[in-house]
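Data block for work36.cif (mmCIF, C-alpha atoms):
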```
data_work
loop_
_atom_site.label_atom_id
_atom_site.label_comp_id
_atom_site.auth_asym_id
_atom_site.auth_seq_id
_atom_site.Cartn_x
_atom_site.Cartn_y
_atom_site.Cartn_z
CA MET C 651 0.00 0.00 0.00
CA LEU C 652 1.72 3.19 -1.12
CA LYS C 653 1.68 6.03 1.37
CA PHE C 654 1.31 9.78 0.95
CA CYS C 655 3.14 12.01 3.38
CA ARG C 656 2.69 15.42 4.93
CA ILE C 657 5.57 17.84 5.05
CA ALA C 658 6.56 18.88 8.58
CA ALA C 659 6.98 22.56 9.35
CA ALA C 660 10.51 21.95 10.62
CA ALA C 661 11.50 20.61 7.22
CA ILE C 662 11.03 24.00 5.54
CA VAL C 663 13.14 27.09 5.84
CA PHE C 664 10.80 29.98 4.99
CA ALA C 665 12.19 33.01 3.20
CA SER C 666 9.78 35.40 4.91
CA ALA C 667 7.01 35.52 7.51
CA PRO C 668 7.64 31.97 8.82
CA VAL C 669 5.04 32.16 11.58
CA LEU C 670 2.28 33.30 9.22
CA ALA C 671 3.28 30.75 6.56
CA ALA C 672 3.24 27.88 9.02
CA SER C 673 -0.14 29.04 10.34
CA VAL C 674 -1.75 29.14 6.89
CA ALA C 675 -0.44 25.69 5.98
CA GLU C 676 -1.50 24.24 9.31
CA GLU C 677 -4.99 25.74 9.02
CA ALA C 678 -5.34 24.31 5.52
CA GLN C 679 -4.07 20.94 6.76
CA ALA C 680 -6.71 21.00 9.50
CA LEU C 681 -9.38 21.60 6.86
CA LEU C 682 -8.06 18.62 4.90
CA ASN C 683 -8.24 16.46 8.02
CA GLN C 684 -11.88 17.50 8.38
CA GLY C 685 -12.58 16.42 4.79
CA ASN C 686 -12.91 19.98 3.52
CA ALA C 687 -10.44 19.89 0.64
CA ALA C 688 -12.11 22.67 -1.38
CA ASP C 689 -11.78 25.21 1.46
CA ALA C 690 -8.22 24.07 2.17
CA LEU C 691 -7.34 24.63 -1.48
CA ARG C 692 -8.89 28.11 -1.50
CA LYS C 693 -6.97 29.06 1.65
CA VAL C 694 -3.54 28.05 0.36
CA GLU C 695 -4.14 29.44 -3.13
CA THR C 696 -5.07 32.84 -1.67
CA HIS C 697 -1.94 32.75 0.46
CA LEU C 698 0.25 31.67 -2.48
CA GLN C 699 -0.82 34.66 -4.55
CA ALA C 700 1.28 36.82 -2.21
CA ASN C 701 3.79 34.11 -1.22
CA PRO C 702 4.34 32.00 -4.36
CA GLN C 703 7.47 30.28 -3.05
CA ASP C 704 6.03 29.08 0.28
CA ALA C 705 6.99 25.42 0.01
CA GLN C 706 4.78 24.16 2.81
CA ALA C 707 1.67 25.87 1.44
CA ARG C 708 2.48 24.53 -2.03
CA PHE C 709 2.80 21.04 -0.56
CA VAL C 710 -0.60 21.27 1.18
CA ARG C 711 -2.04 22.56 -2.09
CA GLY C 712 -0.84 19.35 -3.74
CA LEU C 713 -2.54 17.24 -1.06
CA ALA C 714 -5.78 19.18 -1.51
CA LEU C 715 -5.67 18.60 -5.27
CA VAL C 716 -5.22 14.86 -4.64
CA ARG C 717 -8.31 14.81 -2.42
CA LEU C 718 -10.26 16.60 -5.16
CA ASN C 719 -9.12 14.01 -7.76
CA ARG C 720 -7.26 16.67 -9.74
CA THR C 721 -4.35 14.32 -10.23
CA GLU C 722 -2.55 16.00 -13.13
CA GLN C 723 -2.47 19.33 -11.26
CA ALA C 724 -1.22 17.59 -8.12
CA ILE C 725 1.56 15.96 -10.13
CA ARG C 726 2.65 19.36 -11.42
CA VAL C 727 2.68 20.77 -7.86
CA PHE C 728 4.87 17.99 -6.48
CA ALA C 729 7.12 17.95 -9.56
CA ASP C 730 7.69 21.71 -9.24
CA LEU C 731 8.55 21.24 -5.57
CA THR C 732 11.17 18.60 -6.41
CA ARG C 733 12.81 21.09 -8.78
CA ASP C 734 12.66 24.05 -6.39
CA TYR C 735 13.46 22.12 -3.20
CA PRO C 736 15.43 19.00 -4.29
CA GLN C 737 16.62 18.47 -0.70
CA LEU C 738 13.08 17.53 0.45
CA PRO C 739 12.14 13.85 0.09
CA GLU C 740 8.38 14.24 0.71
CA PRO C 741 7.44 15.76 -2.68
CA TYR C 742 9.31 12.92 -4.44
CA ASN C 743 7.38 10.38 -2.36
CA ASN C 744 3.95 11.83 -3.17
CA LEU C 745 4.90 12.21 -6.82
CA ALA C 746 5.74 8.49 -6.84
CA VAL C 747 2.32 7.59 -5.36
CA LEU C 748 0.55 9.55 -8.09
CA TYR C 749 2.66 7.99 -10.84
CA ALA C 750 1.86 4.54 -9.41
CA GLN C 751 -1.86 5.35 -9.44
CA GLN C 752 -1.50 5.89 -13.19
CA GLY C 753 0.34 2.58 -13.62
CA ASP C 754 3.66 4.32 -14.40
CA TYR C 755 5.77 2.22 -12.04
CA GLU C 756 9.09 3.10 -13.66
CA ARG C 757 8.63 6.83 -13.00
CA ALA C 758 7.35 6.02 -9.50
CA ARG C 759 10.49 4.00 -8.84
CA ASP C 760 12.72 6.82 -10.11
CA ALA C 761 10.95 9.37 -7.87
CA LEU C 762 11.36 7.18 -4.79
CA GLU C 763 15.01 6.57 -5.54
CA ALA C 764 15.46 10.34 -5.79
CA ALA C 765 13.80 10.71 -2.37
CA LEU C 766 16.19 8.15 -0.90
CA ALA C 767 19.17 9.86 -2.51
CA THR C 768 18.37 12.94 -0.41
CA HIS C 769 17.30 11.04 2.74
CA PRO C 770 18.54 7.40 2.80
CA SER C 771 16.82 6.80 6.17
CA TYR C 772 13.35 7.85 4.91
CA ALA C 773 11.34 4.77 5.92
CA THR C 774 8.16 5.69 4.01
CA ALA C 775 10.04 5.89 0.71
CA HIS C 776 11.73 2.53 1.39
CA GLU C 777 8.35 0.91 2.07
CA ASN C 778 6.77 2.45 -1.02
CA LEU C 779 9.72 1.40 -3.17
CA GLY C 780 9.20 -2.17 -2.00
CA ASP C 781 5.54 -1.98 -3.06
CA ILE C 782 6.58 -0.64 -6.46
CA TYR C 783 9.00 -3.51 -6.99
CA ALA C 784 6.28 -5.98 -5.93
CA ALA C 785 3.85 -4.46 -8.45
CA LEU C 786 6.48 -4.62 -11.20
CA ALA C 787 7.24 -8.22 -10.31
CA GLY C 788 3.57 -9.22 -10.32
CA ALA C 789 2.99 -7.62 -13.71
CA SER C 790 6.07 -9.34 -15.17
CA TYR C 791 5.11 -12.73 -13.76
CA ASN C 792 1.60 -12.39 -15.17
CA ARG C 793 2.95 -11.55 -18.63
CA ALA C 794 5.33 -14.50 -18.42
CA LEU C 795 2.49 -16.84 -17.43
CA MET C 796 0.46 -15.71 -20.42
CA LEU C 797 3.34 -16.89 -22.62
CA ASP C 798 4.14 -20.00 -20.57
CA PRO C 799 1.01 -21.05 -18.62
CA GLY C 800 2.51 -24.40 -17.63
CA ASN C 801 5.47 -22.90 -15.77
CA GLY C 802 5.07 -23.98 -12.15
CA ALA C 803 7.95 -21.85 -10.87
CA LEU C 804 6.31 -18.72 -12.24
CA ARG C 805 3.02 -19.61 -10.58
CA ARG C 806 4.78 -20.04 -7.22
CA LYS C 807 6.45 -16.64 -7.58
CA LEU C 808 3.15 -15.02 -8.53
CA SER C 809 1.50 -16.59 -5.50
CA LEU C 810 4.18 -15.15 -3.22
CA VAL C 811 3.73 -11.67 -4.69
CA GLY C 812 -0.03 -12.03 -4.25
CA GLN C 813 0.43 -12.61 -0.50
CA LEU C 814 1.92 -9.14 -0.02
CA ASP C 815 -0.27 -6.47 1.55
CA ASN C 816 -0.64 -4.12 -1.42
CA ALA C 817 -4.43 -3.89 -1.65
CA PRO C 818 -5.88 -0.52 -2.72
CA SER C 819 -7.29 1.95 -0.21
CA ASP C 820 -8.98 5.33 -0.46
CA PRO C 821 -6.77 8.27 -1.44
CA ALA C 822 -5.31 10.20 1.49
CA THR C 823 -8.49 10.75 3.47
CA THR C 824 -6.60 11.39 6.71
CA VAL C 825 -3.21 12.83 7.57
CA ALA C 826 -1.44 11.86 10.73
CA ALA C 827 -0.34 14.39 13.35
CA PRO C 828 3.22 15.79 13.02
CA ALA C 829 6.00 13.46 14.01
CA PRO C 830 8.90 14.72 16.16
CA ARG C 831 11.28 14.60 13.20
CA ALA C 832 11.21 16.18 9.77
CA ALA C 833 10.58 12.92 7.91
CA ALA C 834 6.86 13.37 7.53
CA PRO C 835 4.01 11.36 9.03
CA VAL C 836 1.96 9.51 6.51
CA ALA C 837 -1.55 8.78 5.34
CA SER C 838 -2.69 5.83 3.31
CA ALA C 839 -3.02 6.21 -0.45
CA PRO C 840 -3.83 3.65 -3.13
CA ALA C 841 -1.45 1.43 -4.93
CA LEU C 842 -2.37 1.21 -8.64
CA ALA C 843 -1.88 -2.47 -9.36
CA PRO C 844 -4.25 -4.92 -7.64
CA ALA C 845 -2.90 -8.09 -6.12
CA PRO C 846 -3.18 -11.15 -8.36
CA ALA C 847 -6.49 -12.99 -8.13
CA THR C 848 -6.80 -15.58 -5.38
CA ILE C 849 -6.36 -19.09 -6.76
CA PRO C 850 -9.64 -20.98 -6.18
CA PRO C 851 -9.74 -24.62 -5.15
CA PRO C 852 -9.85 -26.77 -8.30
CA ALA C 853 -13.19 -28.23 -9.32
CA ALA C 854 -13.39 -31.99 -9.22
CA ASP C 855 -13.03 -32.33 -13.02
CA ILE C 856 -10.45 -29.56 -13.51
CA ASP C 857 -6.78 -30.25 -12.80
CA ALA C 858 -4.60 -27.88 -10.77
CA ALA C 859 -2.51 -26.77 -13.77
CA THR C 860 -5.64 -25.67 -15.65
CA THR C 861 -6.94 -23.87 -12.58
CA GLN C 862 -3.67 -21.99 -12.19
CA ALA C 863 -3.50 -21.10 -15.89
CA VAL C 864 -7.05 -19.72 -15.84
CA THR C 865 -6.31 -17.79 -12.65
CA ALA C 866 -3.25 -16.27 -14.33
CA THR C 867 -5.42 -15.15 -17.26
CA LEU C 868 -7.94 -13.63 -14.84
CA ALA C 869 -5.16 -11.78 -12.98
CA ALA C 870 -3.67 -10.49 -16.24
CA TRP C 871 -7.12 -9.29 -17.34
CA SER C 872 -7.79 -7.34 -14.13
CA GLN C 873 -4.29 -5.86 -14.08
CA ALA C 874 -4.40 -4.79 -17.74
CA TRP C 875 -7.75 -3.09 -17.09
CA SER C 876 -6.52 -1.47 -13.86
CA GLY C 877 -3.34 -0.27 -15.53
CA LYS C 878 -5.26 0.95 -18.61
CA ASN C 879 -2.97 -1.21 -20.75
CA LEU C 880 -5.30 -1.53 -23.72
CA GLU C 881 -2.97 -3.63 -25.86
CA ALA C 882 -2.63 -6.28 -23.14
CA TYR C 883 -6.35 -6.04 -22.31
CA PHE C 884 -7.60 -6.70 -25.86
CA ALA C 885 -4.99 -9.46 -26.37
CA LEU C 886 -6.80 -11.53 -23.72
CA TYR C 887 -9.96 -11.77 -25.86
CA ALA C 888 -10.36 -14.52 -28.45
CA PRO C 889 -10.43 -13.52 -32.14
CA ASP C 890 -14.06 -14.70 -32.35
CA PHE C 891 -15.17 -12.95 -29.14
CA LEU C 892 -18.72 -11.64 -29.57
CA PRO C 893 -19.75 -8.75 -27.31
CA GLU C 894 -23.10 -8.76 -25.58
CA GLY C 895 -25.87 -6.41 -26.70
CA SER C 896 -25.49 -6.92 -30.46
CA LEU C 897 -22.38 -4.72 -30.64
CA SER C 898 -19.85 -5.44 -33.35
CA ARG C 899 -16.30 -6.24 -32.26
CA GLY C 900 -15.12 -2.88 -33.61
CA ALA C 901 -17.83 -0.90 -31.83
CA TRP C 902 -17.17 -2.80 -28.60
CA GLU C 903 -13.43 -2.08 -28.78
CA ALA C 904 -14.06 1.62 -29.42
CA GLN C 905 -16.45 1.73 -26.47
CA ARG C 906 -13.98 -0.06 -24.19
CA ARG C 907 -11.11 2.22 -25.24
CA ASP C 908 -13.18 5.26 -24.30
CA ARG C 909 -14.38 3.86 -20.98
CA ILE C 910 -10.96 2.60 -19.90
CA SER C 911 -9.01 5.68 -21.02
CA ARG C 912 -11.37 8.30 -19.58
CA PRO C 913 -10.89 7.77 -15.79
CA LYS C 914 -7.70 9.01 -14.20
CA ARG C 915 -7.54 5.98 -11.92
CA ILE C 916 -9.01 2.48 -12.14
CA SER C 917 -8.90 -0.49 -9.79
CA VAL C 918 -10.44 -3.84 -10.73
CA LYS C 919 -10.42 -6.79 -8.33
CA THR C 920 -11.77 -10.30 -8.94
CA VAL C 921 -13.14 -11.88 -5.77
CA ASN C 922 -13.85 -15.58 -5.11
CA PRO C 923 -13.48 -16.92 -8.68
CA GLN C 924 -15.22 -20.24 -9.38
CA ILE C 925 -14.27 -22.33 -12.42
CA ALA C 926 -16.53 -24.81 -14.22
CA ARG C 927 -16.39 -26.68 -17.50
CA THR C 928 -18.59 -25.81 -20.48
CA SER C 929 -19.19 -27.71 -23.71
CA ASP C 930 -16.26 -26.00 -25.44
CA GLY C 931 -14.10 -24.55 -22.67
CA LEU C 932 -14.34 -23.12 -19.17
CA ARG C 933 -16.49 -20.64 -17.31
CA VAL C 934 -15.10 -18.53 -14.46
CA SER C 935 -17.57 -16.62 -12.29
CA PHE C 936 -16.55 -14.06 -9.65
CA ARG C 937 -17.47 -10.83 -7.94
CA GLN C 938 -15.97 -7.89 -9.78
CA ASP C 939 -15.07 -4.91 -7.59
CA TYR C 940 -14.57 -1.84 -9.78
CA GLU C 941 -13.45 1.58 -8.58
CA SER C 942 -12.35 4.70 -10.47
CA ASP C 943 -11.93 8.34 -9.52
CA ALA C 944 -15.60 8.94 -10.38
CA PHE C 945 -17.49 5.64 -9.93
CA SER C 946 -17.46 2.33 -8.06
CA ASP C 947 -19.60 -0.81 -8.09
CA GLN C 948 -19.68 -4.54 -7.40
CA VAL C 949 -21.23 -6.96 -9.89
CA ALA C 950 -21.41 -10.70 -10.51
CA LYS C 951 -19.28 -11.22 -13.62
CA THR C 952 -18.76 -14.31 -15.80
CA LEU C 953 -16.04 -14.90 -18.36
CA GLU C 954 -16.20 -17.89 -20.72
CA LEU C 955 -12.77 -19.05 -21.88
CA LYS C 956 -11.49 -21.17 -24.73
CA GLN C 957 -8.00 -22.26 -25.67
CA VAL C 958 -6.40 -20.32 -28.52
CA GLY C 959 -2.83 -21.19 -29.44
CA GLY C 960 -2.24 -22.89 -26.11
CA SER C 961 -3.54 -19.95 -24.02
CA TRP C 962 -6.92 -19.32 -22.42
CA LYS C 963 -8.77 -16.45 -24.12
CA ILE C 964 -12.10 -14.79 -23.33
CA SER C 965 -14.84 -15.87 -25.74
CA ARG C 966 -17.82 -14.38 -23.85
CA GLU C 967 -18.22 -11.82 -21.07
CA TYR C 968 -21.40 -10.97 -19.24
CA THR C 969 -22.85 -9.66 -15.99
CA ARG C 970 -25.67 -11.44 -14.20
#
```
So, in terms of structure tokens, how does the structure I just supplied come out?
Amino acid sequence: MLKFCRIAAAAIVFASAPVLAASVAEEAQALLNQGNAADALRKVETHLQANPQDAQARFVRGLALVRLNRTEQAIRVFADLTRDYPQLPEPYNNLAVLYAQQGDYERARDALEAALATHPSYATAHENLGDIYAALAGASYNRALMLDPGNGALRRKLSLVGQLDNAPSDPATTVAAPAPRAAAPVASAPALAPAPATIPPPAADIDAATTQAVTATLAAWSQAWSGKNLEAYFALYAPDFLPEGSLSRGAWEAQRRDRISRPKRISVKTVNPQIARTSDGLRVSFRQDYESDAFSDQVAKTLELKQVGGSWKISREYTR
């Protein structure tokens, strides 16, 4: 679970009016803690009109933008802070969280490594960097399993990654009280990649290898959707996949591209998958937990799978 941080007042050397600057930032932070992000943003933006280089107020502005789901603006705030105050690790950390929410794990890793270059003892950045490496490992193992579904060693590695505590949470709804040192206290923020799907117990007529291969396909599907990786997402559908609702394949793909690309953040989890045989393949039924920056729901989802070129592909998809 990647963690946002709050900048401590002691970490900033203010160029002018330090008491007033700290007061404005602290008042805005209190509004954030009360869930009033819009008022917090107005307060710091009014202050920044006269004090544009107040680093602490700029930092709180970034947190307020995160709460308001204005992610691109928040990224610009934290990126500007890393350029103007490269000695501070906290802006790098929060920049990494936002990159990870967008599925850009390489840039998230680079930001965290920059934070640790300035403060090697910054525990939050070390923890977040571990989560980033776990997400990168899970994505790589899933891609490898798509190419080699019979590889037992890969399945064991994927299972180990899936046991890590990197489940998504709500974005920075609370901020902890100031710690006695400048390395900031933290609040929970979401990791972008969901953990791989739990492997269900095999049905009586389905062997363990098939169960694991289907589970790997399901995990790759949810991760491609969550990461808005359209190429990987569409590659999991069979060439003869027929969408529900009389849509053509082309119209369905155009619709999916729009719906997947539009949100700033997506999380898709597959819960309690159950696998059964059909006349020409397999059926996997599960609870789908979907969340984006603007919408969330839970539905009963079914995917029907068939083997294509040695891999399991989606031939039908429907909600019941």
Just so the selection is clear, what residues does the PyMOL selection byres ((chain C and resi 904-921) around 7) cover here, as an mmCIF file with C-alpha atoms, in the coordinates of the input?
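That gives us part.cif:
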```cif
data_model
loop_
_atom_site.group_PDB
_atom_site.id
_atom_site.type_symbol
_atom_site.label_atom_id
_atom_site.label_comp_id
_atom_site.auth_asym_id
_atom_site.auth_seq_id
_atom_site.Cartn_x
_atom_site.Cartn_y
_atom_site.Cartn_z
ATOM 1 C CA GLN C 751 -1.860 5.350 -9.440
ATOM 2 C CA GLN C 752 -1.500 5.890 -13.190
ATOM 3 C CA LEU C 842 -2.370 1.210 -8.640
ATOM 4 C CA PRO C 844 -4.250 -4.920 -7.640
ATOM 5 C CA ALA C 847 -6.490 -12.990 -8.130
ATOM 6 C CA SER C 872 -7.790 -7.340 -14.130
ATOM 7 C CA TRP C 875 -7.750 -3.090 -17.090
ATOM 8 C CA SER C 876 -6.520 -1.470 -13.860
ATOM 9 C CA LYS C 878 -5.260 0.950 -18.610
ATOM 10 C CA GLY C 900 -15.120 -2.880 -33.610
ATOM 11 C CA ALA C 901 -17.830 -0.900 -31.830
ATOM 12 C CA TRP C 902 -17.170 -2.800 -28.600
ATOM 13 C CA GLU C 903 -13.430 -2.080 -28.780
ATOM 14 C CA ASN C 922 -13.850 -15.580 -5.110
ATOM 15 C CA PRO C 923 -13.480 -16.920 -8.680
ATOM 16 C CA PHE C 936 -16.550 -14.060 -9.650
ATOM 17 C CA ARG C 937 -17.470 -10.830 -7.940
ATOM 18 C CA GLN C 938 -15.970 -7.890 -9.780
ATOM 19 C CA ASP C 939 -15.070 -4.910 -7.590
ATOM 20 C CA TYR C 940 -14.570 -1.840 -9.780
ATOM 21 C CA GLU C 941 -13.450 1.580 -8.580
ATOM 22 C CA SER C 942 -12.350 4.700 -10.470
ATOM 23 C CA ASP C 943 -11.930 8.340 -9.520
#
```
### Message
Using the chain letters and numbers from this file, what does the PyMOL selection byres ((chain C and resi 798) around 12) select? Give the answer as a ChimeraX atom specification.
### Response
/C:791-797,799-805,859,862-863,866-867,959-962
Restricting the output to C-alpha atoms, write the selected residues as an mmCIF file, in the frame of the given file.
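Saved the output as part01.cif:
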```cif
data_model
loop_
_atom_site.group_PDB
_atom_site.id
_atom_site.type_symbol
_atom_site.label_atom_id
_atom_site.label_comp_id
_atom_site.auth_asym_id
_atom_site.auth_seq_id
_atom_site.Cartn_x
_atom_site.Cartn_y
_atom_site.Cartn_z
ATOM 1 C CA TYR C 791 5.110 -12.730 -13.760
ATOM 2 C CA ASN C 792 1.600 -12.390 -15.170
ATOM 3 C CA ARG C 793 2.950 -11.550 -18.630
ATOM 4 C CA ALA C 794 5.330 -14.500 -18.420
ATOM 5 C CA LEU C 795 2.490 -16.840 -17.430
ATOM 6 C CA MET C 796 0.460 -15.710 -20.420
ATOM 7 C CA LEU C 797 3.340 -16.890 -22.620
ATOM 8 C CA PRO C 799 1.010 -21.050 -18.620
ATOM 9 C CA GLY C 800 2.510 -24.400 -17.630
ATOM 10 C CA ASN C 801 5.470 -22.900 -15.770
ATOM 11 C CA GLY C 802 5.070 -23.980 -12.150
ATOM 12 C CA ALA C 803 7.950 -21.850 -10.870
ATOM 13 C CA LEU C 804 6.310 -18.720 -12.240
ATOM 14 C CA ARG C 805 3.020 -19.610 -10.580
ATOM 15 C CA ALA C 859 -2.510 -26.770 -13.770
ATOM 16 C CA GLN C 862 -3.670 -21.990 -12.190
ATOM 17 C CA ALA C 863 -3.500 -21.100 -15.890
ATOM 18 C CA ALA C 866 -3.250 -16.270 -14.330
ATOM 19 C CA THR C 867 -5.420 -15.150 -17.260
ATOM 20 C CA GLY C 959 -2.830 -21.190 -29.440
ATOM 21 C CA GLY C 960 -2.240 -22.890 -26.110
ATOM 22 C CA SER C 961 -3.540 -19.950 -24.020
ATOM 23 C CA TRP C 962 -6.920 -19.320 -22.420
#
```
### Task
Have a look at atom CA of C:Leu779 and atom CA of C:Asp754 and let me know their distance in Å, one decimal.
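Separating atom CA of C:Leu779 from atom CA of C:Asp754 is a distance of 13.1 Å.
Comparing C:Leu886, C:Glu695, C:Tyr749, C:Pro739 by their smallest distance to C:Arg726, the closest is C:Tyr749 (using only C-alpha atoms).
You will find atom CA of C:Pro741 at 5.1 Å from atom CA of C:Phe728.
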With all atoms listed in the file as the counted atoms, please give the residues lying no more than 12 Å from C:Pro770, apart from itself and same-chain residues fewer than 4 positions off, as a PDB file with C-alpha atoms, in the frame of the given file.
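In the end it all went to selection.pdb:
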```pdb
ATOM      1  CA  GLN C 737      16.620  18.470  -0.700  1.00  0.00           C
ATOM      2  CA  LEU C 738      13.080  17.530   0.450  1.00  0.00           C
ATOM      3  CA  PRO C 739      12.140  13.850   0.090  1.00  0.00           C
ATOM      4  CA  LEU C 762      11.360   7.180  -4.790  1.00  0.00           C
ATOM      5  CA  GLU C 763      15.010   6.570  -5.540  1.00  0.00           C
ATOM      6  CA  ALA C 764      15.460  10.340  -5.790  1.00  0.00           C
ATOM      7  CA  ALA C 765      13.800  10.710  -2.370  1.00  0.00           C
ATOM      8  CA  LEU C 766      16.190   8.150  -0.900  1.00  0.00           C
ATOM      9  CA  THR C 774       8.160   5.690   4.010  1.00  0.00           C
ATOM     10  CA  ALA C 775      10.040   5.890   0.710  1.00  0.00           C
ATOM     11  CA  HIS C 776      11.730   2.530   1.390  1.00  0.00           C
ATOM     12  CA  ALA C 833      10.580  12.920   7.910  1.00  0.00           C
TER      13      ALA C 833
END
```
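Residues selected in this file by the PyMOL selection byres ((chain C and resi 720) around 12) comprise Ala687, Ala688, Leu691, Arg711, Gly712, Leu713, Ala714, Leu715, Val716, Arg717, Leu718, Asn719, Thr721, Glu722, Gln723, Ala724, Ile725, Arg726, Val727, Leu748, Pro821, Pro913, Lys914, Arg915, Asp943 and Ala944 of chain C.
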Please save C-alpha atoms of the selected residues as a PDB file, in the frame of the given file.
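Below you can see again01.pdb, which holds the result:
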```
ATOM      1  CA  ALA C 687     -10.440  19.890   0.640  1.00  0.00           C
ATOM      2  CA  ALA C 688     -12.110  22.670  -1.380  1.00  0.00           C
ATOM      3  CA  LEU C 691      -7.340  24.630  -1.480  1.00  0.00           C
ATOM      4  CA  ARG C 711      -2.040  22.560  -2.090  1.00  0.00           C
ATOM      5  CA  GLY C 712      -0.840  19.350  -3.740  1.00  0.00           C
ATOM      6  CA  LEU C 713      -2.540  17.240  -1.060  1.00  0.00           C
ATOM      7  CA  ALA C 714      -5.780  19.180  -1.510  1.00  0.00           C
ATOM      8  CA  LEU C 715      -5.670  18.600  -5.270  1.00  0.00           C
ATOM      9  CA  VAL C 716      -5.220  14.860  -4.640  1.00  0.00           C
ATOM     10  CA  ARG C 717      -8.310  14.810  -2.420  1.00  0.00           C
ATOM     11  CA  LEU C 718     -10.260  16.600  -5.160  1.00  0.00           C
ATOM     12  CA  ASN C 719      -9.120  14.010  -7.760  1.00  0.00           C
ATOM     13  CA  THR C 721      -4.350  14.320 -10.230  1.00  0.00           C
ATOM     14  CA  GLU C 722      -2.550  16.000 -13.130  1.00  0.00           C
ATOM     15  CA  GLN C 723      -2.470  19.330 -11.260  1.00  0.00           C
ATOM     16  CA  ALA C 724      -1.220  17.590  -8.120  1.00  0.00           C
ATOM     17  CA  ILE C 725       1.560  15.960 -10.130  1.00  0.00           C
ATOM     18  CA  ARG C 726       2.650  19.360 -11.420  1.00  0.00           C
ATOM     19  CA  VAL C 727       2.680  20.770  -7.860  1.00  0.00           C
ATOM     20  CA  LEU C 748       0.550   9.550  -8.090  1.00  0.00           C
ATOM     21  CA  PRO C 821      -6.770   8.270  -1.440  1.00  0.00           C
ATOM     22  CA  PRO C 913     -10.890   7.770 -15.790  1.00  0.00           C
ATOM     23  CA  LYS C 914      -7.700   9.010 -14.200  1.00  0.00           C
ATOM     24  CA  ARG C 915      -7.540   5.980 -11.920  1.00  0.00           C
ATOM     25  CA  ASP C 943     -11.930   8.340  -9.520  1.00  0.00           C
ATOM     26  CA  ALA C 944     -15.600   8.940 -10.380  1.00  0.00           C
TER      27      ALA C 944
END
```
### Summary
Counting all atoms listed in the file, closest pick from C:Val864, C:Ala882, C:Ala787, C:Leu897 relative to C:Lys956 is C:Val864
